[in-house]
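Novice: Here you go, this is coords.txt (compact mmCIF, C-alpha atoms).
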```
# COMPACT_ATOMS: atom_id res chain seq x y z
CA MET W 97 62.47 -23.12 52.82
CA ALA W 98 63.99 -19.65 52.84
CA ASP W 99 67.07 -18.86 54.86
CA ASN W 100 66.70 -16.82 58.00
CA GLN W 101 67.21 -13.12 57.21
CA THR W 102 69.04 -10.91 59.72
CA LEU W 103 68.09 -7.23 60.01
CA THR W 104 69.48 -4.59 62.33
CA ALA W 105 66.76 -2.53 64.00
CA THR W 106 66.91 0.63 66.08
CA THR W 107 64.32 1.81 68.57
CA ARG W 108 62.15 4.75 67.49
CA THR W 109 61.33 7.44 70.02
CA GLU W 110 59.31 9.71 67.70
CA PHE W 111 55.86 8.77 66.44
CA GLY W 112 53.23 10.11 64.06
CA LYS W 113 53.13 10.79 60.33
CA GLY W 114 55.82 13.45 60.43
CA ALA W 115 58.21 11.19 62.33
CA ALA W 116 57.49 8.35 59.92
CA ARG W 117 58.30 10.57 56.93
CA ARG W 118 61.59 11.62 58.58
CA THR W 119 62.42 7.96 59.18
CA ARG W 120 61.82 7.12 55.53
CA ARG W 121 63.87 10.11 54.36
CA ALA W 122 66.75 8.65 56.37
CA ASN W 123 66.44 5.43 54.30
CA ARG W 124 64.84 3.53 57.15
CA ILE W 125 61.42 1.89 57.42
CA PRO W 126 59.10 2.45 60.40
CA ALA W 127 58.05 -0.84 61.99
CA VAL W 128 56.19 -2.14 65.03
CA LEU W 129 57.03 -5.44 66.73
CA TYR W 130 54.42 -7.10 68.96
CA GLY W 131 53.14 -10.45 70.19
CA HIS W 132 53.43 -12.96 73.05
CA GLY W 133 52.11 -10.41 75.51
CA GLU W 134 55.10 -8.13 75.02
CA ALA W 135 54.66 -4.35 74.87
CA PRO W 136 54.81 -3.16 71.24
CA GLN W 137 58.25 -1.99 70.17
CA HIS W 138 58.52 0.86 67.67
CA LEU W 139 61.49 0.21 65.42
CA ALA W 140 63.29 1.52 62.36
CA LEU W 141 64.70 -0.97 59.83
CA GLU W 142 67.36 -0.36 57.20
CA SER W 143 65.36 0.23 54.02
CA HIS W 144 67.36 -1.63 51.35
CA ALA W 145 68.12 -4.69 53.49
CA THR W 146 64.46 -5.01 54.49
CA PHE W 147 63.31 -4.69 50.89
CA LEU W 148 65.69 -7.47 49.82
CA ALA W 149 64.68 -9.71 52.73
CA LEU W 150 60.96 -9.48 51.88
CA LYS W 151 61.14 -8.94 48.10
CA ASP W 152 60.59 -12.55 47.03
CA ASN W 153 59.07 -13.97 50.21
CA ALA W 154 56.74 -11.97 52.44
CA ASN W 155 56.84 -14.87 54.93
CA ALA W 156 60.62 -14.78 55.36
CA LEU W 157 61.75 -15.60 58.89
CA LEU W 158 63.55 -12.55 60.25
CA THR W 159 66.15 -12.25 62.98
CA LEU W 160 65.99 -8.71 64.33
CA VAL W 161 69.05 -7.42 66.13
CA ILE W 162 67.70 -4.78 68.56
CA ASP W 163 70.21 -3.10 70.86
CA GLY W 164 72.47 -6.11 70.55
CA LYS W 165 69.73 -8.66 71.33
CA GLU W 166 68.21 -11.02 68.77
CA GLN W 167 64.47 -11.55 68.29
CA THR W 168 62.86 -13.84 65.71
CA ALA W 169 59.87 -12.35 63.89
CA LEU W 170 57.62 -12.53 60.84
CA ALA W 171 56.17 -9.70 58.80
CA LYS W 172 52.45 -9.66 59.57
CA ASP W 173 51.54 -6.70 57.37
CA ILE W 174 53.61 -4.85 54.76
CA GLN W 175 52.44 -1.44 53.57
CA ARG W 176 53.88 -0.40 50.21
CA ASP W 177 53.90 2.80 48.19
CA PRO W 178 51.29 2.15 45.45
CA VAL W 179 53.47 3.69 42.72
CA ARG W 180 57.09 3.02 43.63
CA ARG W 181 56.32 -0.26 45.48
CA THR W 182 58.80 0.67 48.17
CA ILE W 183 57.99 -0.43 51.73
CA ASP W 184 56.40 2.31 53.85
CA HIS W 185 55.74 0.39 57.07
CA VAL W 186 55.96 -3.13 58.48
CA ASP W 187 54.02 -4.79 61.29
CA LEU W 188 56.11 -7.59 62.78
CA VAL W 189 55.00 -10.41 65.07
CA ILE W 190 57.28 -12.23 67.51
CA VAL W 191 57.70 -15.96 66.87
CA ARG W 192 59.41 -18.53 69.03
CA LYS W 193 61.08 -21.81 68.20
CA GLY W 194 58.67 -24.74 68.17
CA GLU W 195 55.47 -22.75 67.67
CA LYS W 196 53.28 -22.88 64.60
CA VAL W 197 52.04 -19.91 62.61
CA THR W 198 49.30 -19.44 60.02
CA VAL W 199 50.40 -17.71 56.82
CA GLU W 200 49.36 -17.25 53.18
CA VAL W 201 51.66 -19.12 50.80
CA PRO W 202 51.51 -18.48 47.03
CA VAL W 203 50.60 -21.27 44.59
CA HIS W 204 53.22 -21.92 41.89
CA VAL W 205 52.25 -24.01 38.84
CA VAL W 206 54.97 -26.18 37.30
CA GLY W 207 55.05 -28.47 34.25
CA GLU W 208 53.09 -28.37 31.00
CA SER W 209 49.61 -29.73 30.41
CA ALA W 210 48.68 -31.74 27.31
CA PRO W 211 49.17 -30.03 23.92
CA GLY W 212 46.33 -27.67 23.01
CA THR W 213 45.22 -27.14 26.60
CA ILE W 214 45.49 -24.18 28.95
CA TYR W 215 45.22 -23.90 32.72
CA GLN W 216 43.47 -21.52 35.06
CA VAL W 217 44.53 -20.92 38.66
CA GLU W 218 41.47 -20.70 40.92
CA LEU W 219 43.43 -20.13 44.15
CA GLN W 220 46.46 -17.83 43.98
CA SER W 221 47.52 -18.71 47.54
CA LEU W 222 46.78 -21.22 50.29
CA THR W 223 46.37 -20.64 54.02
CA VAL W 224 48.73 -23.01 55.80
CA THR W 225 49.61 -23.64 59.44
CA VAL W 226 53.23 -24.64 59.71
CA PRO W 227 56.18 -24.54 62.15
CA ALA W 228 57.52 -20.98 62.22
CA THR W 229 61.00 -22.18 61.31
CA SER W 230 59.76 -24.20 58.29
CA ILE W 231 57.57 -21.82 56.30
CA PRO W 232 57.62 -22.74 52.59
CA GLU W 233 58.16 -19.92 50.10
CA LEU W 234 55.51 -21.43 47.81
CA VAL W 235 53.34 -24.47 47.21
CA GLU W 236 54.13 -26.21 43.91
CA VAL W 237 51.28 -27.65 41.86
CA SER W 238 52.28 -29.84 38.89
CA ILE W 239 50.10 -29.92 35.76
CA GLU W 240 52.55 -32.05 33.77
CA GLY W 241 50.68 -33.98 31.07
CA LEU W 242 47.20 -33.24 32.41
CA GLU W 243 44.39 -33.49 29.88
CA ASP W 244 41.34 -31.36 29.18
CA GLY W 245 38.95 -31.39 32.15
CA ALA W 246 41.56 -32.22 34.78
CA ILE W 247 40.99 -30.51 38.12
CA ILE W 248 43.52 -30.25 40.92
CA ARG W 249 41.87 -29.78 44.30
CA VAL W 250 43.35 -28.83 47.66
CA SER W 251 43.20 -32.49 48.69
CA ASP W 252 45.48 -33.40 45.74
CA ILE W 253 48.32 -31.12 46.82
CA PRO W 254 51.21 -32.64 48.83
CA ARG W 255 51.42 -31.00 52.25
CA PRO W 256 54.61 -29.11 53.09
CA GLU W 257 56.49 -30.90 55.88
CA GLY W 258 54.76 -30.43 59.24
CA ALA W 259 52.04 -28.27 57.70
CA THR W 260 48.28 -28.37 57.39
CA ILE W 261 46.36 -26.57 54.66
CA ASP W 262 43.46 -24.63 56.17
CA VAL W 263 41.29 -24.63 53.04
CA ASP W 264 38.32 -26.82 52.06
CA PRO W 265 39.91 -30.02 50.62
CA GLU W 266 37.40 -29.97 47.74
CA HIS W 267 38.23 -26.41 46.69
CA GLU W 268 39.53 -26.24 43.11
CA VAL W 269 43.08 -24.92 42.79
CA VAL W 270 43.90 -25.41 39.08
CA ILE W 271 41.64 -26.36 36.15
CA VAL W 272 42.98 -27.62 32.81
CA SER W 273 40.83 -27.08 29.71
CA THR W 274 40.86 -26.78 25.93
CA PRO W 275 40.00 -23.30 24.62
CA ARG W 276 36.60 -23.31 22.91
CA VAL W 277 35.63 -20.98 20.08
CA SER W 278 32.13 -19.55 20.54
CA ALA W 279 29.54 -19.18 17.80
CA ASP W 280 29.90 -15.40 18.06
CA ASP W 281 33.66 -15.69 17.48
CA LEU W 282 33.10 -17.89 14.40
CA ALA W 283 30.52 -15.45 13.01
CA ALA W 284 32.89 -12.53 13.56
CA ASP W 285 35.72 -14.39 11.79
CA GLU W 286 33.48 -15.22 8.83
CA ALA W 287 32.28 -11.62 8.56
CA SER W 288 35.88 -10.38 8.67
CA ALA W 289 36.92 -12.85 5.95
CA GLU W 290 33.99 -11.85 3.74
CA ALA W 291 34.78 -8.17 4.21
CA GLY W 292 38.40 -8.80 3.26
CA ALA W 293 37.40 -10.77 0.17
CA SER W 294 35.00 -8.04 -0.87
CA ALA W 295 37.62 -5.35 -0.41
CA GLY W 296 40.07 -7.37 -2.52
CA ALA W 297 37.53 -7.76 -5.32
CA ASP W 298 36.76 -4.03 -5.33
CA SER W 299 40.45 -3.23 -5.50
CA SER W 300 41.05 -5.53 -8.47
CA GLU W 301 38.10 -4.07 -10.35
CA ALA W 302 39.46 -0.56 -9.86
```
Rewrite the structure from the file as structure tokens, please.
Specialist:
Amino acid sequence: MADNQTLTATTRTEFGKGAARRTRRANRIPAVLYGHGEAPQHLALESHATFLALKDNANALLTLVIDGKEQTALAKDIQRDPVRRTIDHVDLVIVRKGEKVTVEVPVHVVGESAPGTIYQVELQSLTVTVPATSIPELVEVSIEGLEDGAIIRVSDIPRPEGATIDVDPEHEVVIVSTPRVSADDLAADEASAEAGASAGADSSEA
């Protein structure tokens, strides 16, 4: 589980695209905090600190310090610049101790399958419902020693503590296989070898 990240937020009083650009020029990120029936709060977050807090874990639990008061929140949507990958805007949702949240958690493959095999990840992330204070950064799937034809399904994955995985238990997550060479590939290799041999013979005759 990731540590709680603390961010200082200030209240925004200007809105619109122009105001958002001015906020970003001041090295701050426009954000909106909502949830639990509260009126949406328009905030500005310190750019670098927010980037670091969410860089490796989009589901990081955040403690926002707003006008001296603390509020726990999660990033619900992160908008990034498509080129620079900097954060342009964040939608935040209020969370409270004891409640559960539904989030997308990335799948991380560990271990090595049997020699000569490869693996393919069919699901890059899993939808999990978990206590807000115990969100895992990732779900580990071990392929250690697995042979050709092995399939890891959702039902095979250990559940994070207190969590449920909201995906069909029979859904394939990782498949282990041995690479097969097609007839077309073999024909292409043979043609290439023949062409090389022919070129070598022509060169020696010259």
Novice: Which residues, protein or nucleic acid, reach to within 8 Å of (52.6, -20.0, 56.4) in the file's coordinates when using only C-alpha atoms, and can you give that as a PyMOL selection string?
Specialist: chain W and resi 155+197-201+223-226+228+231-232
Novice: Of the residues W:Asp187, W:Glu268, W:Glu257, W:Asp177, which is the one nearest to W:Gln216, using only C-alpha atoms?
Specialist: W:Glu268
Novice: May I have the residues within 9 Å of stretch 238-242 of chain W as a list in words, using all atoms listed in the file and disregarding those fewer than 4 positions away in the same chain?
Specialist: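 Result of the neighbour search: His204, Val205, Val206, Gly207, Glu208, Ser209, Ala210, Pro211, Thr213, Tyr215, Ala246, Ile247, Ile248, Ile253, Val270 and Val272 of chain W.
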Novice: Would you put the residues from that selection into a file with C-alpha atoms, as an mmCIF file, in the frame of the given file?
Specialist:
```cif
data_model
loop_
_atom_site.group_PDB
_atom_site.id
_atom_site.type_symbol
_atom_site.label_atom_id
_atom_site.label_comp_id
_atom_site.auth_asym_id
_atom_site.auth_seq_id
_atom_site.Cartn_x
_atom_site.Cartn_y
_atom_site.Cartn_z
ATOM 1 C CA HIS W 204 53.220 -21.920 41.890
ATOM 2 C CA VAL W 205 52.250 -24.010 38.840
ATOM 3 C CA VAL W 206 54.970 -26.180 37.300
ATOM 4 C CA GLY W 207 55.050 -28.470 34.250
ATOM 5 C CA GLU W 208 53.090 -28.370 31.000
ATOM 6 C CA SER W 209 49.610 -29.730 30.410
ATOM 7 C CA ALA W 210 48.680 -31.740 27.310
ATOM 8 C CA PRO W 211 49.170 -30.030 23.920
ATOM 9 C CA THR W 213 45.220 -27.140 26.600
ATOM 10 C CA TYR W 215 45.220 -23.900 32.720
ATOM 11 C CA ALA W 246 41.560 -32.220 34.780
ATOM 12 C CA ILE W 247 40.990 -30.510 38.120
ATOM 13 C CA ILE W 248 43.520 -30.250 40.920
ATOM 14 C CA ILE W 253 48.320 -31.120 46.820
ATOM 15 C CA VAL W 270 43.900 -25.410 39.080
ATOM 16 C CA VAL W 272 42.980 -27.620 32.810
#
```
Novice: Could you name the residues that touch W:Thr106 at 12 Å or less, counting all atoms listed in the file, but leaving out those on the same chain fewer than 6 positions away, as a list in words?
Specialist: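 Result of the neighbour search: Thr119, Arg124, Ile125, Pro126, Ala127, Val128, Leu129, Gln137, His138, Leu139, Ala140, Leu141, Glu142, Leu160, Val161, Ile162, Asp163, Gly164 and Lys165 of chain W.
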Novice: With C-alpha atoms kept, could you save the residues just selected as a PDB file, in the coordinates of the input?
Specialist:
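Saved as again.pdb:
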```pdb
ATOM      1  CA  THR W 119      62.420   7.960  59.180  1.00  0.00           C
ATOM      2  CA  ARG W 124      64.840   3.530  57.150  1.00  0.00           C
ATOM      3  CA  ILE W 125      61.420   1.890  57.420  1.00  0.00           C
ATOM      4  CA  PRO W 126      59.100   2.450  60.400  1.00  0.00           C
ATOM      5  CA  ALA W 127      58.050  -0.840  61.990  1.00  0.00           C
ATOM      6  CA  VAL W 128      56.190  -2.140  65.030  1.00  0.00           C
ATOM      7  CA  LEU W 129      57.030  -5.440  66.730  1.00  0.00           C
ATOM      8  CA  GLN W 137      58.250  -1.990  70.170  1.00  0.00           C
ATOM      9  CA  HIS W 138      58.520   0.860  67.670  1.00  0.00           C
ATOM     10  CA  LEU W 139      61.490   0.210  65.420  1.00  0.00           C
ATOM     11  CA  ALA W 140      63.290   1.520  62.360  1.00  0.00           C
ATOM     12  CA  LEU W 141      64.700  -0.970  59.830  1.00  0.00           C
ATOM     13  CA  GLU W 142      67.360  -0.360  57.200  1.00  0.00           C
ATOM     14  CA  LEU W 160      65.990  -8.710  64.330  1.00  0.00           C
ATOM     15  CA  VAL W 161      69.050  -7.420  66.130  1.00  0.00           C
ATOM     16  CA  ILE W 162      67.700  -4.780  68.560  1.00  0.00           C
ATOM     17  CA  ASP W 163      70.210  -3.100  70.860  1.00  0.00           C
ATOM     18  CA  GLY W 164      72.470  -6.110  70.550  1.00  0.00           C
ATOM     19  CA  LYS W 165      69.730  -8.660  71.330  1.00  0.00           C
TER      20      LYS W 165
END
```
Novice: Quick one: pull the distance between atom CA of W:Ala259 and atom CA of W:Leu222, Å, one decimal.
Specialist: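 The value is 11.5 Å.
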Novice: If I take atom CA of W:Val263 and atom CA of W:Glu233, how far is one from the other in Å, to one decimal?
Specialist: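 The value is 17.8 Å.
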Novice: Which one is closest to W:Ser230: W:Glu195, W:Asp264, W:Glu166, W:Asp184? Count all atoms listed in the file.
Specialist: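 Nearest candidate to W:Ser230 out of W:Glu195, W:Asp264, W:Glu166, W:Asp184: W:Glu195.
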Novice: Find the distance between atom CA of W:Ala149 and atom CA of W:Lys193 and write it in Å to one decimal.
Specialist: 20.0 Å
Novice: Which residue is closest to W:Arg117? Choose from W:His185, W:Asn100, W:Pro178, W:Val235 and count only C-alpha atoms.
Specialist: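 Ranked by minimum distance to W:Arg117, first place goes to W:His185.
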Novice: Using only C-alpha atoms, determine which residues lie at most 7 Å from W:Lys172, disregarding the query and same-chain residues fewer than 2 positions distant; provide the list as an MDAnalysis selection string.
Specialist: chainID W and resid 170 174 187:189
Novice: What are the centre and edge lengths in Å, to one decimal, of the axis-aligned box around all listed atoms of stretch 254-273 of chain W with 8 Å added on each side, as JSON?
Specialist:
```
{"center_x": 46.9, "center_y": -28.6, "center_z": 44.5, "size_x": 35.1, "size_y": 24.0, "size_z": 45.5}
```
Novice: Which residue is closest to W:Gly131? Choose from W:Ser273, W:Thr229, W:Thr260, W:Gln167 and count all atoms listed in the file.
Specialist: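 Nearest to W:Gly131: W:Gln167.
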